[in-house]
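In what follows, a structure is listed as structure tokens, so that the remarks can point back to it.
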Amino acid sequence: MKIVMNPKTGEKRNECHKRSCFHPRSLFSFLCLAILVLTAFQTGCVKGQEKQGTVLYFSAHQDDETLEDFGGILQDLRDGLEVHVVLVSDGGASKVRKALQEEGHDLSREAFSAARDSEFRDALIALGVPDENIHFPENRLPDAELSEYAEEVRALLQYYVEQYPDAMVRTHAYEVEGVSSHKDHVTVGNAAVSLYESGTIKSLRLFVEPWVREDFESVTGIEVKKLPEKGLRNSERAAVSNAMDAYAFLDPEHGRYGIGARSVKSYWKQVRKEMTSYCFDYDGSK
Ligand SMILES: [Zn+2]
């Protein structure tokens, strides 16, 4: 830093605008710039590179991805994986449709499904899944009847696995003796296991409904683990809370009836309390 005196007034001032001067403010600016460059570089690395891999979630109904799988989805996003979620059924069999009809909302099965789809989409977006990775197959199957369409369920899963050949698959647990999981969930889980056994699926993680977790834990050979690892971070907790809120959002004029939140109240309560997903990795030995 150089002190310069005005020969007329005798006033002294710092000549900080000179190139040789290194003012603390300049140091701060330099550090800010360095951080920006580093951040841009790191972001560029993540965006510029291929993702670490792809995962495919198959959800039997609108709400399973939040009630059962959210912890896995968040873990996969943490791990830099590209997450896709496929809805297997139309979700049209819920008893809430009848309740809504009695309240004056005379929804067709299609309109009811569409309302549930909006809840599903908003919940997944809240969790961080890109809109374009949320799949509603045209040939999805009738809710509550999946066990009667076991072959079609398998074909639907196979179609998506072939679209993403190296994807790791996550879905509901298969049928285990003594555990009373939802029949539709079990059908999807069984289809995934069958595709694993045939070599179509290379990596399979199965999620357990939180309300039957203890039953699964008592089955020999199944090691139930919790996700996300080390619990939720603050931002993730907010994301899960927003996802749950998507199922309670009411705006009938725009097709929102809070269907998910009305259908299985005790389940939502449990998930809000535990804020954990439970799963095990299937390796063909169980
Ligand atoms: Zn379900």
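Within each chain, counting starts at residue 1; across the structure tokens, chains are named A, B, ... in the order shown, with ligands numbered 1 upward in that order.
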
Taking the DSSP assignment computed from this structure's backbone, write out as a compact mmCIF listing (two decimals) with all heavy atoms, in the first residue's frame all residues of range 50-273 of chain A that belong to strand (DSSP E).
# COMPACT_ATOMS: atom_id res chain seq x y z
N THR A 54 -28.22 -45.85 -12.56
CA THR A 54 -29.66 -45.59 -12.63
C THR A 54 -30.38 -46.57 -11.71
O THR A 54 -29.99 -47.74 -11.60
CB THR A 54 -30.16 -45.79 -14.07
OG1 THR A 54 -29.42 -44.91 -14.92
CG2 THR A 54 -31.64 -45.47 -14.21
N VAL A 55 -31.42 -46.07 -11.05
CA VAL A 55 -32.26 -46.97 -10.26
C VAL A 55 -33.70 -46.82 -10.73
O VAL A 55 -34.15 -45.74 -11.09
CB VAL A 55 -32.20 -46.70 -8.73
CG1 VAL A 55 -30.89 -47.16 -8.15
CG2 VAL A 55 -32.44 -45.25 -8.42
N LEU A 56 -34.39 -47.94 -10.72
CA LEU A 56 -35.79 -47.98 -11.12
C LEU A 56 -36.62 -48.42 -9.93
O LEU A 56 -36.40 -49.53 -9.41
CB LEU A 56 -35.98 -49.04 -12.20
CG LEU A 56 -35.86 -48.68 -13.67
CD1 LEU A 56 -36.03 -49.96 -14.49
CD2 LEU A 56 -36.92 -47.67 -14.06
N TYR A 57 -37.53 -47.57 -9.49
CA TYR A 57 -38.46 -47.95 -8.43
C TYR A 57 -39.79 -48.34 -9.08
O TYR A 57 -40.28 -47.62 -9.96
CB TYR A 57 -38.71 -46.76 -7.49
CG TYR A 57 -37.63 -46.58 -6.44
CD1 TYR A 57 -36.44 -45.94 -6.76
CD2 TYR A 57 -37.81 -47.05 -5.15
CE1 TYR A 57 -35.44 -45.78 -5.81
CE2 TYR A 57 -36.81 -46.89 -4.20
CZ TYR A 57 -35.64 -46.26 -4.53
OH TYR A 57 -34.66 -46.11 -3.58
N PHE A 58 -40.35 -49.43 -8.63
CA PHE A 58 -41.69 -49.82 -9.07
C PHE A 58 -42.62 -49.71 -7.86
O PHE A 58 -42.42 -50.40 -6.85
CB PHE A 58 -41.71 -51.25 -9.61
CG PHE A 58 -40.98 -51.38 -10.92
CD1 PHE A 58 -39.68 -51.88 -10.95
CD2 PHE A 58 -41.58 -50.98 -12.10
CE1 PHE A 58 -38.99 -51.99 -12.16
CE2 PHE A 58 -40.89 -51.09 -13.32
CZ PHE A 58 -39.60 -51.59 -13.34
N SER A 59 -43.60 -48.84 -8.00
CA SER A 59 -44.52 -48.57 -6.90
C SER A 59 -45.89 -49.10 -7.29
O SER A 59 -46.41 -48.76 -8.35
CB SER A 59 -44.56 -47.04 -6.71
OG SER A 59 -45.23 -46.69 -5.56
N GLU A 82 -29.35 -41.76 -10.79
CA GLU A 82 -30.51 -41.24 -11.51
C GLU A 82 -31.72 -42.08 -11.10
O GLU A 82 -31.74 -43.29 -11.32
CB GLU A 82 -30.27 -41.35 -13.01
CG GLU A 82 -31.38 -40.73 -13.84
CD GLU A 82 -31.03 -40.76 -15.32
OE1 GLU A 82 -29.97 -40.22 -15.68
OE2 GLU A 82 -31.81 -41.33 -16.09
N VAL A 83 -32.70 -41.43 -10.49
CA VAL A 83 -33.83 -42.17 -9.94
C VAL A 83 -35.05 -42.06 -10.86
O VAL A 83 -35.47 -40.96 -11.23
CB VAL A 83 -34.21 -41.63 -8.53
CG1 VAL A 83 -35.45 -42.32 -8.00
CG2 VAL A 83 -33.04 -41.81 -7.57
N HIS A 84 -35.60 -43.22 -11.23
CA HIS A 84 -36.86 -43.27 -11.98
C HIS A 84 -37.89 -44.01 -11.13
O HIS A 84 -37.54 -44.97 -10.42
CB HIS A 84 -36.68 -44.06 -13.29
CG HIS A 84 -35.86 -43.33 -14.30
ND1 HIS A 84 -36.40 -42.65 -15.36
CD2 HIS A 84 -34.51 -43.17 -14.40
CE1 HIS A 84 -35.44 -42.11 -16.08
NE2 HIS A 84 -34.28 -42.41 -15.52
N VAL A 85 -39.13 -43.58 -11.22
CA VAL A 85 -40.18 -44.26 -10.47
C VAL A 85 -41.33 -44.60 -11.43
O VAL A 85 -41.81 -43.73 -12.17
CB VAL A 85 -40.70 -43.39 -9.30
CG1 VAL A 85 -41.71 -44.18 -8.46
CG2 VAL A 85 -39.55 -42.92 -8.42
N VAL A 86 -41.73 -45.86 -11.40
CA VAL A 86 -42.80 -46.33 -12.29
C VAL A 86 -43.99 -46.74 -11.44
O VAL A 86 -43.85 -47.54 -10.50
CB VAL A 86 -42.32 -47.56 -13.11
CG1 VAL A 86 -43.42 -48.04 -14.05
CG2 VAL A 86 -41.04 -47.24 -13.88
N LEU A 87 -45.16 -46.22 -11.80
CA LEU A 87 -46.38 -46.59 -11.08
C LEU A 87 -47.02 -47.80 -11.78
O LEU A 87 -47.27 -47.76 -12.98
CB LEU A 87 -47.35 -45.40 -11.08
CG LEU A 87 -48.65 -45.58 -10.32
CD1 LEU A 87 -48.42 -45.87 -8.85
CD2 LEU A 87 -49.51 -44.32 -10.47
N ILE A 134 -40.69 -39.66 -13.77
CA ILE A 134 -41.87 -40.25 -13.11
C ILE A 134 -42.74 -40.85 -14.21
O ILE A 134 -43.19 -40.15 -15.11
CB ILE A 134 -42.64 -39.17 -12.31
CG1 ILE A 134 -41.70 -38.49 -11.31
CG2 ILE A 134 -43.85 -39.78 -11.61
CD1 ILE A 134 -42.26 -37.22 -10.69
N HIS A 135 -42.97 -42.16 -14.13
CA HIS A 135 -43.59 -42.86 -15.26
C HIS A 135 -44.98 -43.39 -14.91
O HIS A 135 -45.15 -44.08 -13.90
CB HIS A 135 -42.71 -44.04 -15.67
CG HIS A 135 -41.30 -43.62 -16.02
ND1 HIS A 135 -40.93 -43.22 -17.28
CD2 HIS A 135 -40.18 -43.52 -15.25
CE1 HIS A 135 -39.62 -42.91 -17.29
NE2 HIS A 135 -39.16 -43.09 -16.07
N MET A 168 -30.44 -50.57 -11.35
CA MET A 168 -30.70 -51.35 -10.15
C MET A 168 -32.19 -51.17 -9.83
O MET A 168 -32.73 -50.08 -10.01
CB MET A 168 -29.85 -50.81 -8.99
CG MET A 168 -28.38 -51.03 -9.23
SD MET A 168 -27.34 -50.23 -7.99
CE MET A 168 -27.21 -48.59 -8.67
N VAL A 169 -32.82 -52.26 -9.42
CA VAL A 169 -34.27 -52.20 -9.22
C VAL A 169 -34.60 -52.18 -7.73
O VAL A 169 -33.99 -52.89 -6.93
CB VAL A 169 -34.96 -53.39 -9.94
CG1 VAL A 169 -36.44 -53.46 -9.58
CG2 VAL A 169 -34.77 -53.28 -11.44
N ARG A 170 -35.55 -51.33 -7.40
CA ARG A 170 -36.07 -51.25 -6.03
C ARG A 170 -37.58 -51.39 -6.10
O ARG A 170 -38.23 -50.70 -6.90
CB ARG A 170 -35.80 -49.87 -5.41
CG ARG A 170 -34.42 -49.48 -4.92
CD ARG A 170 -33.35 -49.43 -5.86
NE ARG A 170 -32.18 -48.71 -5.40
CZ ARG A 170 -30.99 -49.24 -5.22
NH1 ARG A 170 -30.80 -50.53 -5.42
NH2 ARG A 170 -29.98 -48.49 -4.87
N THR A 171 -38.12 -52.25 -5.25
CA THR A 171 -39.58 -52.36 -5.22
C THR A 171 -40.03 -53.03 -3.92
O THR A 171 -39.25 -53.16 -2.97
CB THR A 171 -40.10 -53.10 -6.47
OG1 THR A 171 -41.52 -52.95 -6.53
CG2 THR A 171 -39.74 -54.57 -6.48
N HIS A 172 -41.30 -53.43 -3.91
CA HIS A 172 -41.87 -54.05 -2.71
C HIS A 172 -41.26 -55.44 -2.46
O HIS A 172 -40.84 -56.12 -3.40
CB HIS A 172 -43.37 -54.23 -2.89
CG HIS A 172 -44.10 -52.97 -3.27
ND1 HIS A 172 -44.37 -51.98 -2.36
CD2 HIS A 172 -44.57 -52.52 -4.45
CE1 HIS A 172 -45.00 -50.99 -2.97
NE2 HIS A 172 -45.14 -51.29 -4.24
N LEU A 204 -31.22 -56.07 -6.96
CA LEU A 204 -32.60 -55.91 -6.48
C LEU A 204 -32.65 -55.57 -4.99
O LEU A 204 -32.08 -56.30 -4.16
CB LEU A 204 -33.38 -57.21 -6.74
CG LEU A 204 -34.85 -57.25 -6.34
CD1 LEU A 204 -35.66 -56.16 -7.04
CD2 LEU A 204 -35.45 -58.62 -6.66
N ARG A 205 -33.30 -54.49 -4.68
CA ARG A 205 -33.50 -54.09 -3.28
C ARG A 205 -35.00 -54.08 -3.02
O ARG A 205 -35.76 -53.48 -3.78
CB ARG A 205 -32.90 -52.70 -3.05
CG ARG A 205 -33.13 -52.16 -1.65
CD ARG A 205 -32.31 -50.92 -1.39
NE ARG A 205 -30.90 -51.25 -1.24
CZ ARG A 205 -29.92 -50.34 -1.19
NH1 ARG A 205 -30.21 -49.06 -1.27
NH2 ARG A 205 -28.67 -50.72 -1.04
N LEU A 206 -35.40 -54.72 -1.94
CA LEU A 206 -36.83 -54.86 -1.65
C LEU A 206 -37.20 -54.09 -0.39
O LEU A 206 -36.52 -54.19 0.64
CB LEU A 206 -37.18 -56.34 -1.49
CG LEU A 206 -36.89 -57.19 -2.75
CD1 LEU A 206 -37.08 -58.67 -2.45
CD2 LEU A 206 -37.77 -56.76 -3.91
N PHE A 207 -38.27 -53.33 -0.50
CA PHE A 207 -38.71 -52.49 0.62
C PHE A 207 -39.86 -53.13 1.37
O PHE A 207 -40.75 -53.77 0.79
CB PHE A 207 -39.11 -51.10 0.10
CG PHE A 207 -37.91 -50.25 -0.20
CD1 PHE A 207 -37.19 -50.43 -1.37
CD2 PHE A 207 -37.45 -49.33 0.74
CE1 PHE A 207 -36.05 -49.69 -1.63
CE2 PHE A 207 -36.31 -48.58 0.49
CZ PHE A 207 -35.60 -48.76 -0.70
N VAL A 208 -39.79 -52.92 2.65
CA VAL A 208 -40.73 -53.55 3.58
C VAL A 208 -41.67 -52.48 4.11
O VAL A 208 -41.23 -51.41 4.51
CB VAL A 208 -39.88 -54.15 4.74
CG1 VAL A 208 -40.74 -54.56 5.89
CG2 VAL A 208 -39.01 -55.29 4.23
N LYS A 225 -32.52 -53.34 6.79
CA LYS A 225 -31.72 -52.15 7.13
C LYS A 225 -32.55 -50.89 6.96
O LYS A 225 -33.57 -50.89 6.27
CB LYS A 225 -30.45 -52.10 6.29
CG LYS A 225 -30.66 -51.94 4.80
CD LYS A 225 -29.31 -51.86 4.11
CE LYS A 225 -29.48 -51.83 2.60
NZ LYS A 225 -28.21 -51.83 1.87
N LYS A 226 -32.04 -49.82 7.59
CA LYS A 226 -32.77 -48.55 7.57
C LYS A 226 -32.14 -47.62 6.56
O LYS A 226 -30.91 -47.54 6.45
CB LYS A 226 -32.71 -47.88 8.94
CG LYS A 226 -33.43 -48.62 10.03
CD LYS A 226 -33.26 -47.87 11.34
CE LYS A 226 -33.99 -48.57 12.47
NZ LYS A 226 -33.90 -47.83 13.74
N LEU A 227 -32.98 -46.87 5.86
CA LEU A 227 -32.50 -45.84 4.94
C LEU A 227 -33.29 -44.55 5.14
O LEU A 227 -34.47 -44.62 5.49
CB LEU A 227 -32.64 -46.31 3.49
CG LEU A 227 -31.69 -47.41 3.02
CD1 LEU A 227 -31.99 -47.79 1.57
CD2 LEU A 227 -30.22 -47.00 3.15
N LEU A 250 -55.64 -30.10 -0.40
CA LEU A 250 -57.05 -30.00 -0.83
C LEU A 250 -57.26 -28.80 -1.75
O LEU A 250 -56.96 -27.67 -1.38
CB LEU A 250 -57.96 -29.85 0.41
CG LEU A 250 -58.14 -31.09 1.27
CD1 LEU A 250 -58.88 -30.73 2.56
CD2 LEU A 250 -58.91 -32.18 0.52
N ASP A 251 -57.76 -29.09 -2.94
CA ASP A 251 -58.15 -28.05 -3.89
C ASP A 251 -59.07 -28.70 -4.92
O ASP A 251 -58.70 -28.90 -6.09
CB ASP A 251 -56.89 -27.45 -4.56
CG ASP A 251 -57.23 -26.28 -5.47
OD1 ASP A 251 -58.42 -25.87 -5.49
OD2 ASP A 251 -56.33 -25.81 -6.19
N ARG A 256 -57.74 -31.80 -6.63
CA ARG A 256 -56.93 -32.27 -5.50
C ARG A 256 -57.83 -32.53 -4.29
O ARG A 256 -58.53 -31.62 -3.82
CB ARG A 256 -55.84 -31.24 -5.16
CG ARG A 256 -54.86 -31.00 -6.30
CD ARG A 256 -54.13 -32.28 -6.71
NE ARG A 256 -53.29 -32.75 -5.64
CZ ARG A 256 -51.98 -32.45 -5.54
NH1 ARG A 256 -51.41 -31.71 -6.45
NH2 ARG A 256 -51.28 -32.92 -4.55
N TYR A 257 -57.83 -33.77 -3.82
CA TYR A 257 -58.77 -34.18 -2.78
C TYR A 257 -58.09 -34.77 -1.54
O TYR A 257 -58.76 -35.35 -0.69
CB TYR A 257 -59.75 -35.21 -3.36
CG TYR A 257 -60.53 -34.71 -4.56
CD1 TYR A 257 -60.06 -34.92 -5.85
CD2 TYR A 257 -61.71 -33.99 -4.39
CE1 TYR A 257 -60.74 -34.43 -6.95
CE2 TYR A 257 -62.41 -33.51 -5.49
CZ TYR A 257 -61.92 -33.73 -6.77
OH TYR A 257 -62.60 -33.24 -7.85

Chain A residues near ligand 1 within 8 Å, closest pair each, using only C-alpha atoms and all ligand atoms, as CSV:
residue,atom,partner,partner_atom_place_in_ligand_line,distance
A:Ser59,CA,ligand 1,1 (Zn),7.2
A:Ala60,CA,ligand 1,1 (Zn),5.3
A:His61,CA,ligand 1,1 (Zn),4.5
A:Gln62,CA,ligand 1,1 (Zn),7.0
A:Asp63,CA,ligand 1,1 (Zn),6.6
A:Asp64,CA,ligand 1,1 (Zn),4.8
A:His182,CA,ligand 1,1 (Zn),6.8
A:Asp184,CA,ligand 1,1 (Zn),7.0
A:His185,CA,ligand 1,1 (Zn),6.1

| field | Residue among A:Asp79, A:Asp245, A:Asn133, A:Gly284 lying closest to Gly258 in chain A, counting only C-alpha atoms | value | A:Asp245

Find the nearest atom pair between each residue of range 236-275 of chain A and range 102-126 of chain A for residues within 10 Å, count only C-alpha atoms, give distances in Å to one decimal, sort rows by chain and ascending number, and present the table as a Markdown table.
| residue | atom | partner | partner_atom | distance |
| --- | --- | --- | --- | --- |
| A:Glu236 | CA | A:Ala126 | CA | 9.5 |
| A:Ala238 | CA | A:Ala126 | CA | 8.9 |
| A:Ala239 | CA | A:Ala126 | CA | 5.5 |
| A:Val240 | CA | A:Ala126 | CA | 7.3 |
| A:Ser241 | CA | A:Ala126 | CA | 8.7 |
| A:Asn242 | CA | A:Ala126 | CA | 6.0 |
| A:Ala243 | CA | A:Ala123 | CA | 3.9 |
| A:Met244 | CA | A:Ala123 | CA | 6.7 |
| A:Asp245 | CA | A:Ala123 | CA | 7.9 |
| A:Ala246 | CA | A:Glu119 | CA | 5.4 |
| A:Tyr247 | CA | A:Glu119 | CA | 5.4 |
| A:Ala248 | CA | A:Glu119 | CA | 8.4 |
| A:Phe249 | CA | A:Glu119 | CA | 8.1 |
| A:Pro252 | CA | A:His105 | CA | 8.3 |
| A:His254 | CA | A:Ala115 | CA | 9.0 |
| A:Gly255 | CA | A:Ala115 | CA | 5.6 |
| A:Arg256 | CA | A:Ala115 | CA | 5.8 |
| A:Tyr257 | CA | A:Ala115 | CA | 7.2 |
| A:Gly258 | CA | A:Glu119 | CA | 7.8 |
| A:Ile259 | CA | A:Arg116 | CA | 6.7 |
| A:Gly260 | CA | A:Arg116 | CA | 7.3 |
| A:Ala261 | CA | A:Glu119 | CA | 9.9 |

With N, CA, C and O atoms kept, could you save the residues just selected as a PDB file, in the first residue's frame?
ATOM      1  N   GLU A 236     -33.617 -32.972   3.915  1.00  0.00           N
ATOM      2  CA  GLU A 236     -34.356 -34.167   3.512  1.00  0.00           C
ATOM      3  C   GLU A 236     -35.631 -34.319   4.349  1.00  0.00           C
ATOM      4  O   GLU A 236     -36.665 -34.733   3.848  1.00  0.00           O
ATOM      5  N   ALA A 238     -37.383 -31.948   5.505  1.00  0.00           N
ATOM      6  CA  ALA A 238     -38.349 -30.998   4.938  1.00  0.00           C
ATOM      7  C   ALA A 238     -38.942 -31.568   3.653  1.00  0.00           C
ATOM      8  O   ALA A 238     -40.145 -31.437   3.394  1.00  0.00           O
ATOM      9  N   ALA A 239     -38.106 -32.244   2.853  1.00  0.00           N
ATOM     10  CA  ALA A 239     -38.582 -32.826   1.588  1.00  0.00           C
ATOM     11  C   ALA A 239     -39.625 -33.917   1.855  1.00  0.00           C
ATOM     12  O   ALA A 239     -40.665 -33.970   1.188  1.00  0.00           O
ATOM     13  N   VAL A 240     -39.364 -34.747   2.850  1.00  0.00           N
ATOM     14  CA  VAL A 240     -40.309 -35.832   3.171  1.00  0.00           C
ATOM     15  C   VAL A 240     -41.623 -35.235   3.687  1.00  0.00           C
ATOM     16  O   VAL A 240     -42.717 -35.681   3.330  1.00  0.00           O
ATOM     17  N   SER A 241     -41.487 -34.212   4.489  1.00  0.00           N
ATOM     18  CA  SER A 241     -42.672 -33.548   5.019  1.00  0.00           C
ATOM     19  C   SER A 241     -43.505 -32.957   3.875  1.00  0.00           C
ATOM     20  O   SER A 241     -44.735 -33.093   3.837  1.00  0.00           O
ATOM     21  N   ASN A 242     -42.836 -32.357   2.900  1.00  0.00           N
ATOM     22  CA  ASN A 242     -43.548 -31.802   1.737  1.00  0.00           C
ATOM     23  C   ASN A 242     -44.197 -32.907   0.911  1.00  0.00           C
ATOM     24  O   ASN A 242     -45.301 -32.734   0.384  1.00  0.00           O
ATOM     25  N   ALA A 243     -43.482 -34.024   0.793  1.00  0.00           N
ATOM     26  CA  ALA A 243     -44.047 -35.157   0.035  1.00  0.00           C
ATOM     27  C   ALA A 243     -45.335 -35.645   0.714  1.00  0.00           C
ATOM     28  O   ALA A 243     -46.341 -35.913   0.058  1.00  0.00           O
ATOM     29  N   MET A 244     -45.297 -35.730   2.031  1.00  0.00           N
ATOM     30  CA  MET A 244     -46.491 -36.176   2.760  1.00  0.00           C
ATOM     31  C   MET A 244     -47.621 -35.158   2.604  1.00  0.00           C
ATOM     32  O   MET A 244     -48.791 -35.519   2.446  1.00  0.00           O
ATOM     33  N   ASP A 245     -47.254 -33.893   2.637  1.00  0.00           N
ATOM     34  CA  ASP A 245     -48.268 -32.839   2.490  1.00  0.00           C
ATOM     35  C   ASP A 245     -48.957 -32.920   1.128  1.00  0.00           C
ATOM     36  O   ASP A 245     -50.118 -32.540   0.989  1.00  0.00           O
ATOM     37  N   ALA A 246     -48.220 -33.399   0.108  1.00  0.00           N
ATOM     38  CA  ALA A 246     -48.816 -33.513  -1.235  1.00  0.00           C
ATOM     39  C   ALA A 246     -50.019 -34.452  -1.214  1.00  0.00           C
ATOM     40  O   ALA A 246     -50.940 -34.315  -2.019  1.00  0.00           O
ATOM     41  N   TYR A 247     -50.007 -35.403  -0.271  1.00  0.00           N
ATOM     42  CA  TYR A 247     -51.119 -36.352  -0.172  1.00  0.00           C
ATOM     43  C   TYR A 247     -52.283 -35.825   0.668  1.00  0.00           C
ATOM     44  O   TYR A 247     -53.322 -36.471   0.764  1.00  0.00           O
ATOM     45  N   ALA A 248     -52.086 -34.673   1.256  1.00  0.00           N
ATOM     46  CA  ALA A 248     -53.160 -34.093   2.082  1.00  0.00           C
ATOM     47  C   ALA A 248     -53.708 -32.810   1.461  1.00  0.00           C
ATOM     48  O   ALA A 248     -54.665 -32.229   1.971  1.00  0.00           O
ATOM     49  N   PHE A 249     -53.090 -32.385   0.358  1.00  0.00           N
ATOM     50  CA  PHE A 249     -53.443 -31.098  -0.237  1.00  0.00           C
ATOM     51  C   PHE A 249     -54.872 -31.103  -0.793  1.00  0.00           C
ATOM     52  O   PHE A 249     -55.257 -31.997  -1.534  1.00  0.00           O
ATOM     53  N   PRO A 252     -60.299 -29.071  -4.467  1.00  0.00           N
ATOM     54  CA  PRO A 252     -61.187 -29.863  -5.334  1.00  0.00           C
ATOM     55  C   PRO A 252     -61.423 -29.233  -6.700  1.00  0.00           C
ATOM     56  O   PRO A 252     -61.557 -29.952  -7.698  1.00  0.00           O
ATOM     57  N   HIS A 254     -59.425 -27.926  -8.571  1.00  0.00           N
ATOM     58  CA  HIS A 254     -58.328 -28.286  -9.461  1.00  0.00           C
ATOM     59  C   HIS A 254     -57.925 -29.756  -9.301  1.00  0.00           C
ATOM     60  O   HIS A 254     -56.766 -30.125  -9.498  1.00  0.00           O
ATOM     61  N   GLY A 255     -58.880 -30.566  -8.885  1.00  0.00           N
ATOM     62  CA  GLY A 255     -58.645 -32.019  -8.870  1.00  0.00           C
ATOM     63  C   GLY A 255     -57.780 -32.528  -7.738  1.00  0.00           C
ATOM     64  O   GLY A 255     -57.183 -33.590  -7.864  1.00  0.00           O
ATOM     65  N   ARG A 256     -57.740 -31.802  -6.629  1.00  0.00           N
ATOM     66  CA  ARG A 256     -56.932 -32.269  -5.500  1.00  0.00           C
ATOM     67  C   ARG A 256     -57.833 -32.525  -4.288  1.00  0.00           C
ATOM     68  O   ARG A 256     -58.526 -31.616  -3.817  1.00  0.00           O
ATOM     69  N   TYR A 257     -57.830 -33.773  -3.824  1.00  0.00           N
ATOM     70  CA  TYR A 257     -58.771 -34.184  -2.780  1.00  0.00           C
ATOM     71  C   TYR A 257     -58.092 -34.774  -1.537  1.00  0.00           C
ATOM     72  O   TYR A 257     -58.763 -35.347  -0.689  1.00  0.00           O
ATOM     73  N   GLY A 258     -56.806 -34.698  -1.460  1.00  0.00           N
ATOM     74  CA  GLY A 258     -56.108 -35.249  -0.289  1.00  0.00           C
ATOM     75  C   GLY A 258     -56.401 -36.726  -0.096  1.00  0.00           C
ATOM     76  O   GLY A 258     -56.617 -37.193   1.025  1.00  0.00           O
ATOM     77  N   ILE A 259     -56.386 -37.476  -1.190  1.00  0.00           N
ATOM     78  CA  ILE A 259     -56.817 -38.887  -1.147  1.00  0.00           C
ATOM     79  C   ILE A 259     -55.849 -39.755  -0.330  1.00  0.00           C
ATOM     80  O   ILE A 259     -56.277 -40.515   0.544  1.00  0.00           O
ATOM     81  N   GLY A 260     -54.565 -39.627  -0.606  1.00  0.00           N
ATOM     82  CA  GLY A 260     -53.579 -40.469   0.084  1.00  0.00           C
ATOM     83  C   GLY A 260     -53.681 -40.347   1.592  1.00  0.00           C
ATOM     84  O   GLY A 260     -53.698 -41.355   2.312  1.00  0.00           O
ATOM     85  N   ALA A 261     -53.795 -39.133   2.070  1.00  0.00           N
ATOM     86  CA  ALA A 261     -53.822 -38.906   3.523  1.00  0.00           C
ATOM     87  C   ALA A 261     -55.065 -39.493   4.174  1.00  0.00           C
ATOM     88  O   ALA A 261     -55.056 -39.845   5.356  1.00  0.00           O
TER      89      ALA A 261
END

Show me, as a compact mmCIF listing (two decimals) with N, CA, C and O atoms, in the first residue's frame, the residues that have an atom within 9 Å of Val271 in chain A when counting only C-alpha atoms, minus same-chain residues fewer than 6 positions from it.
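The result, stored in part-v2.txt:
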# COMPACT_ATOMS: atom_id res chain seq x y z
N THR A 66 -43.83 -42.85 -0.97
CA THR A 66 -43.58 -42.01 0.20
C THR A 66 -43.74 -42.81 1.49
O THR A 66 -42.89 -42.76 2.38
N LEU A 67 -44.79 -43.60 1.58
CA LEU A 67 -45.00 -44.38 2.80
C LEU A 67 -43.90 -45.41 3.05
O LEU A 67 -43.53 -45.68 4.18
N GLU A 68 -43.38 -45.97 1.96
CA GLU A 68 -42.47 -47.09 2.12
C GLU A 68 -41.04 -46.80 1.65
O GLU A 68 -40.07 -47.22 2.27
N PRO A 210 -43.45 -50.39 6.64
CA PRO A 210 -43.02 -50.18 8.03
C PRO A 210 -43.87 -50.90 9.06
O PRO A 210 -43.38 -51.30 10.11
N SER A 277 -37.11 -45.57 6.15
CA SER A 277 -37.56 -46.66 5.27
C SER A 277 -36.78 -47.92 5.62
O SER A 277 -35.64 -47.85 6.08

| field | All alpha helix (DSSP H) residues (DSSP, backbone) inside range 44-197 of chain A, as JSON, numbers by chain | value | {"A": [44, 45, 46, 47, 48, 64, 65, 66, 67, 70, 71, 72, 73, 74, 75, 76, 77, 78, 96, 97, 98, 99, 100, 101, 102, 109, 110, 111, 112, 113, 114, 115, 116, 117, 118, 119, 120, 121, 122, 123, 124, 125, 126, 127, 150, 151, 152, 153, 154, 155, 156, 157, 158, 159, 160, 161, 162, 163, 183, 184, 185, 186, 187, 188, 189, 190, 191, 192, 193, 194, 195, 196, 197]}

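Interatomic distance, CA of Gly91 in chain A to CA of Asp143 in chain A: 4.9 Å.
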
| CA of Val161 in chain A to CA of Asn139 in chain A, distance in Å rounded to a single decimal | 15.5 Å

| field | Top pick for closest residue to Glu229 in chain A, considering A:Tyr174, A:Phe216, A:Tyr159, A:Tyr278 and counting only C-alpha atoms | value | A:Tyr278

| Quick one: distance from CA of Ser181 in chain A to CA of Pro165 in chain A in Å, one decimal? | 28.5 Å

| field | Exercise: Gly72 in chain A partners within 8 Å, only C-alpha atoms, chain neighbours under 2 positions left out, as a ChimeraX atom specification | value | /A:69-70,74-76,227-228,277

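Closest approach to Ala191 in chain A from the set A:Ala144, A:Val179, A:Val219, A:Leu156 is made by A:Leu156, with distances taken over only C-alpha atoms.
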
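Taking only C-alpha atoms into account, Glu151 in chain A lies nearest to A:Val188 out of the set A:Ala173, A:Ser235, A:Arg213, A:Val188.
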